[in-house]
Amino acid sequence: MDNRPCIVITGAAQRIGLHCARRFVDDGYRVIITCRHWRKEWDETPLPGIEVMLADFSSEEGIHTFIAELRAAQAILRGFIHNASLWLDDSAPEAFDLMMRVHVQAPYLINQALPGLFDVNGTADIIHLTDRVAHVGSAKHIAYCASKAALEALTLSFAARLAPRIKVNSIAPALIMFNDGDSPAYRQRTLEKSALGIEPGPEVVYQSIRYLMDNPYVTGTSLQLDGGRHLK
């Protein structure tokens, strides 16, 4: 049995989630990530120190299956990071239901199971990755925004329920990383939306997670990670 404190990051097969997983490995933690499908490149290039748990949060059955498998893994949790996210256009069939299941129902059901998995003698953190639009609304992406706003509400409710033993916070990012196919014009428009005007990269998310984990006096908060968009 691996007795090291464990960090679980959902939806961490790539980009920000995978970067954070690798950083936690460097810090000496046992790290479990979830993803929906195994990636072929991992057969040739394994993920050192990272355990991959396949999980499908698009159904209630899939959520309960993940909870059972996490219990079976006998991990002594230090932190659980809800990073799994789904981006669908409002016009897509079942878009609202699917995003509410991944962004709200999965964290809701998982969080109820977590108190029995954290180290009873140690510090414990649950962190929800939401989105800046949860605080300001979105005329174009109403369903996505509503689901992330509901996740912000879960942050407050679980922080109240699980205190003082478990801290519960959220991180609400705006631009962190561009996609490879983003055009120069799109990149420029997006950079101009924030006061700092930079593409910060995934390390700022890891730094934010560590701040929330390392600070013993913060719970029920939403950390705005948006480069000062509210100033523009």
# chains A, B, ... in the order shown; residues from 1 in each chain; ligands from 1

$ residues_around --residues "stretch 194-211 of chain A" --least-positions-apart "2" --cutoff "7 Å" --atoms "only C-alpha atoms" --output "mmCIF file with all heavy atoms, in the first residue's frame"
data_model
loop_
_atom_site.group_PDB
_atom_site.id
_atom_site.type_symbol
_atom_site.label_atom_id
_atom_site.label_comp_id
_atom_site.auth_asym_id
_atom_site.auth_seq_id
_atom_site.Cartn_x
_atom_site.Cartn_y
_atom_site.Cartn_z
ATOM 1 N N ILE A 16 -3.557 21.718 -18.726
ATOM 2 C CA ILE A 16 -3.398 22.238 -17.371
ATOM 3 C C ILE A 16 -3.429 21.129 -16.331
ATOM 4 O O ILE A 16 -2.597 21.081 -15.416
ATOM 5 C CB ILE A 16 -4.493 23.282 -17.082
ATOM 6 C CG1 ILE A 16 -4.314 24.501 -17.990
ATOM 7 C CG2 ILE A 16 -4.466 23.688 -15.611
ATOM 8 C CD1 ILE A 16 -5.482 25.474 -17.941
ATOM 9 N N HIS A 19 -0.215 19.070 -16.421
ATOM 10 C CA HIS A 19 0.900 19.868 -15.882
ATOM 11 C C HIS A 19 0.871 19.855 -14.358
ATOM 12 O O HIS A 19 1.913 19.633 -13.710
ATOM 13 C CB HIS A 19 0.808 21.310 -16.392
ATOM 14 C CG HIS A 19 1.822 22.219 -15.770
ATOM 15 N ND1 HIS A 19 3.100 22.379 -16.260
ATOM 16 C CD2 HIS A 19 1.746 23.027 -14.657
ATOM 17 C CE1 HIS A 19 3.772 23.227 -15.499
ATOM 18 N NE2 HIS A 19 2.981 23.633 -14.523
ATOM 19 N N CYS A 20 -0.303 20.078 -13.779
ATOM 20 C CA CYS A 20 -0.412 20.096 -12.321
ATOM 21 C C CYS A 20 -0.101 18.724 -11.732
ATOM 22 O O CYS A 20 0.548 18.621 -10.678
ATOM 23 C CB CYS A 20 -1.805 20.562 -11.906
ATOM 24 S SG CYS A 20 -2.148 22.295 -12.290
ATOM 25 N N LEU A 175 -8.380 33.215 -19.561
ATOM 26 C CA LEU A 175 -7.353 32.651 -20.440
ATOM 27 C C LEU A 175 -6.163 32.139 -19.633
ATOM 28 O O LEU A 175 -5.592 32.871 -18.833
ATOM 29 C CB LEU A 175 -6.867 33.713 -21.426
ATOM 30 C CG LEU A 175 -5.574 33.350 -22.180
ATOM 31 C CD1 LEU A 175 -5.853 32.237 -23.193
ATOM 32 C CD2 LEU A 175 -4.966 34.562 -22.840
ATOM 33 N N ILE A 176 -5.807 30.888 -19.865
ATOM 34 C CA ILE A 176 -4.587 30.318 -19.298
ATOM 35 C C ILE A 176 -3.633 29.890 -20.406
ATOM 36 O O ILE A 176 -2.459 30.225 -20.408
ATOM 37 C CB ILE A 176 -4.900 29.117 -18.386
ATOM 38 C CG1 ILE A 176 -5.810 29.538 -17.229
ATOM 39 C CG2 ILE A 176 -3.599 28.519 -17.851
ATOM 40 C CD1 ILE A 176 -5.211 30.560 -16.291
ATOM 41 N N MET A 177 -4.167 29.143 -21.379
ATOM 42 C CA MET A 177 -3.362 28.654 -22.502
ATOM 43 C C MET A 177 -4.182 28.749 -23.787
ATOM 44 O O MET A 177 -5.361 28.412 -23.795
ATOM 45 C CB MET A 177 -2.975 27.177 -22.308
ATOM 46 C CG MET A 177 -2.160 26.871 -21.097
ATOM 47 S SD MET A 177 -1.985 25.064 -20.877
ATOM 48 C CE MET A 177 -1.042 24.617 -22.338
ATOM 49 N N LEU A 191 -5.958 38.590 -25.567
ATOM 50 C CA LEU A 191 -4.968 39.192 -24.678
ATOM 51 C C LEU A 191 -5.381 40.603 -24.259
ATOM 52 O O LEU A 191 -5.114 41.027 -23.127
ATOM 53 C CB LEU A 191 -3.602 39.223 -25.362
ATOM 54 C CG LEU A 191 -2.926 37.871 -25.589
ATOM 55 C CD1 LEU A 191 -1.659 38.052 -26.415
ATOM 56 C CD2 LEU A 191 -2.608 37.185 -24.264
ATOM 57 N N GLU A 192 -6.039 41.307 -25.146
ATOM 58 C CA GLU A 192 -6.442 42.682 -24.856
ATOM 59 C C GLU A 192 -7.584 42.770 -23.853
ATOM 60 O O GLU A 192 -7.902 43.858 -23.362
ATOM 61 C CB GLU A 192 -6.833 43.381 -26.159
ATOM 62 C CG GLU A 192 -5.634 43.656 -27.071
ATOM 63 C CD GLU A 192 -6.050 44.210 -28.426
ATOM 64 O OE1 GLU A 192 -7.272 44.273 -28.701
ATOM 65 O OE2 GLU A 192 -5.148 44.577 -29.208
ATOM 66 N N MET A 213 -4.034 25.186 -0.885
ATOM 67 C CA MET A 213 -3.702 24.049 -0.034
ATOM 68 C C MET A 213 -2.820 24.448 1.142
ATOM 69 O O MET A 213 -2.966 23.920 2.256
ATOM 70 C CB MET A 213 -3.004 22.964 -0.861
ATOM 71 C CG MET A 213 -3.910 22.228 -1.833
ATOM 72 S SD MET A 213 -3.014 21.002 -2.838
ATOM 73 C CE MET A 213 -2.280 19.962 -1.569
ATOM 74 N N ASP A 214 -1.895 25.359 0.902
ATOM 75 C CA ASP A 214 -0.900 25.706 1.916
ATOM 76 C C ASP A 214 -1.407 26.734 2.925
ATOM 77 O O ASP A 214 -0.829 26.876 4.013
ATOM 78 C CB ASP A 214 0.370 26.240 1.250
ATOM 79 C CG ASP A 214 1.079 25.173 0.426
ATOM 80 O OD1 ASP A 214 0.792 23.975 0.625
ATOM 81 O OD2 ASP A 214 1.901 25.539 -0.439
ATOM 82 N N ASN A 215 -2.468 27.447 2.585
ATOM 83 C CA ASN A 215 -2.986 28.473 3.485
ATOM 84 C C ASN A 215 -4.050 27.856 4.401
ATOM 85 O O ASN A 215 -5.074 27.382 3.920
ATOM 86 C CB ASN A 215 -3.589 29.626 2.677
ATOM 87 C CG ASN A 215 -3.848 30.850 3.539
ATOM 88 O OD1 ASN A 215 -4.424 30.745 4.617
ATOM 89 N ND2 ASN A 215 -3.433 32.007 3.055
ATOM 90 N N GLY A 227 -6.003 37.607 -14.805
ATOM 91 C CA GLY A 227 -5.138 38.665 -15.317
ATOM 92 C C GLY A 227 -5.714 40.053 -15.216
ATOM 93 O O GLY A 227 -5.279 40.971 -15.912
ATOM 94 N N GLY A 228 -6.690 40.252 -14.335
ATOM 95 C CA GLY A 228 -7.273 41.581 -14.158
ATOM 96 C C GLY A 228 -8.320 41.960 -15.198
ATOM 97 O O GLY A 228 -8.411 43.121 -15.603
ATOM 98 N N ARG A 229 -9.110 40.990 -15.651
ATOM 99 C CA ARG A 229 -10.138 41.311 -16.646
ATOM 100 C C ARG A 229 -11.189 42.279 -16.108
ATOM 101 O O ARG A 229 -11.768 43.041 -16.866
ATOM 102 C CB ARG A 229 -10.818 40.032 -17.133
ATOM 103 C CG ARG A 229 -9.990 39.218 -18.101
ATOM 104 C CD ARG A 229 -10.849 38.263 -18.870
ATOM 105 N NE ARG A 229 -10.063 37.527 -19.874
ATOM 106 C CZ ARG A 229 -10.595 36.885 -20.891
ATOM 107 N NH1 ARG A 229 -11.903 36.885 -21.072
ATOM 108 N NH2 ARG A 229 -9.831 36.246 -21.763
ATOM 109 N N LEU A 231 -10.724 44.863 -14.620
ATOM 110 C CA LEU A 231 -10.206 46.238 -14.686
ATOM 111 C C LEU A 231 -10.381 46.855 -16.055
ATOM 112 O O LEU A 231 -10.174 48.062 -16.228
ATOM 113 C CB LEU A 231 -8.721 46.257 -14.312
ATOM 114 C CG LEU A 231 -8.369 45.707 -12.928
ATOM 115 C CD1 LEU A 231 -6.865 45.627 -12.757
ATOM 116 C CD2 LEU A 231 -9.007 46.556 -11.838
ATOM 117 N N LYS A 232 -10.739 46.063 -17.046
ATOM 118 C CA LYS A 232 -10.833 46.576 -18.412
ATOM 119 C C LYS A 232 -12.242 47.089 -18.701
ATOM 120 O O LYS A 232 -13.223 46.558 -18.201
ATOM 121 C CB LYS A 232 -10.493 45.455 -19.409
ATOM 122 C CG LYS A 232 -9.049 44.960 -19.291
ATOM 123 C CD LYS A 232 -8.056 45.965 -19.806
ATOM 124 C CE LYS A 232 -8.013 45.935 -21.336
ATOM 125 N NZ LYS A 232 -6.931 46.759 -21.898
#

$ select_by_dssp --residues "stretch 13-220 of chain A" --states "strand (DSSP E or B)" --output "PyMOL selection string"
chain A and resi 30-35+50-54+76-82+118+124-129+166-173

$ atom_distance --atom1 "atom CA of A:Arg4" --atom2 "atom CA of A:Ala21"
14.9 Å

$ atom_distance --atom1 "atom CA of A:Ala55" --atom2 "atom CA of A:Ser170"
21.8 Å

$ select_by_dssp --residues "stretch 36-188 of chain A" --states "helix (DSSP H, G or I)" --output "PyMOL selection string"
chain A and resi 41-44+60-72+95-116+133-136+142-162+184-188

$ residues_around --residues "A:Thr34" --least-positions-apart "2" --cutoff "8 Å" --atoms "only C-alpha atoms" --output "list in words"
Val8, Ile9, Thr10, Gly11, Ala12, Ala13, Ile32, Arg36, Val52, Met53, Leu54 and Ala55 of chain A

$ residues_around --residues "stretch 93-109 of chain A" --least-positions-apart "6" --cutoff "10 Å" --atoms "only C-alpha atoms" --output "count of residues only"
38

$ atom_distance --atom1 "atom CA of A:Ser157" --atom2 "atom CA of A:Ile171"
15.5 Å

$ closest_residue --among "A:Arg71, A:Arg30, A:Arg132, A:Lys40" --to "A:Pro173" --atoms "only C-alpha atoms"
A:Arg132

$ closest_residue --among "A:Asp27, A:Asp131, A:Glu51, A:Asp125" --to "A:Leu212" --atoms "only C-alpha atoms"
A:Asp125
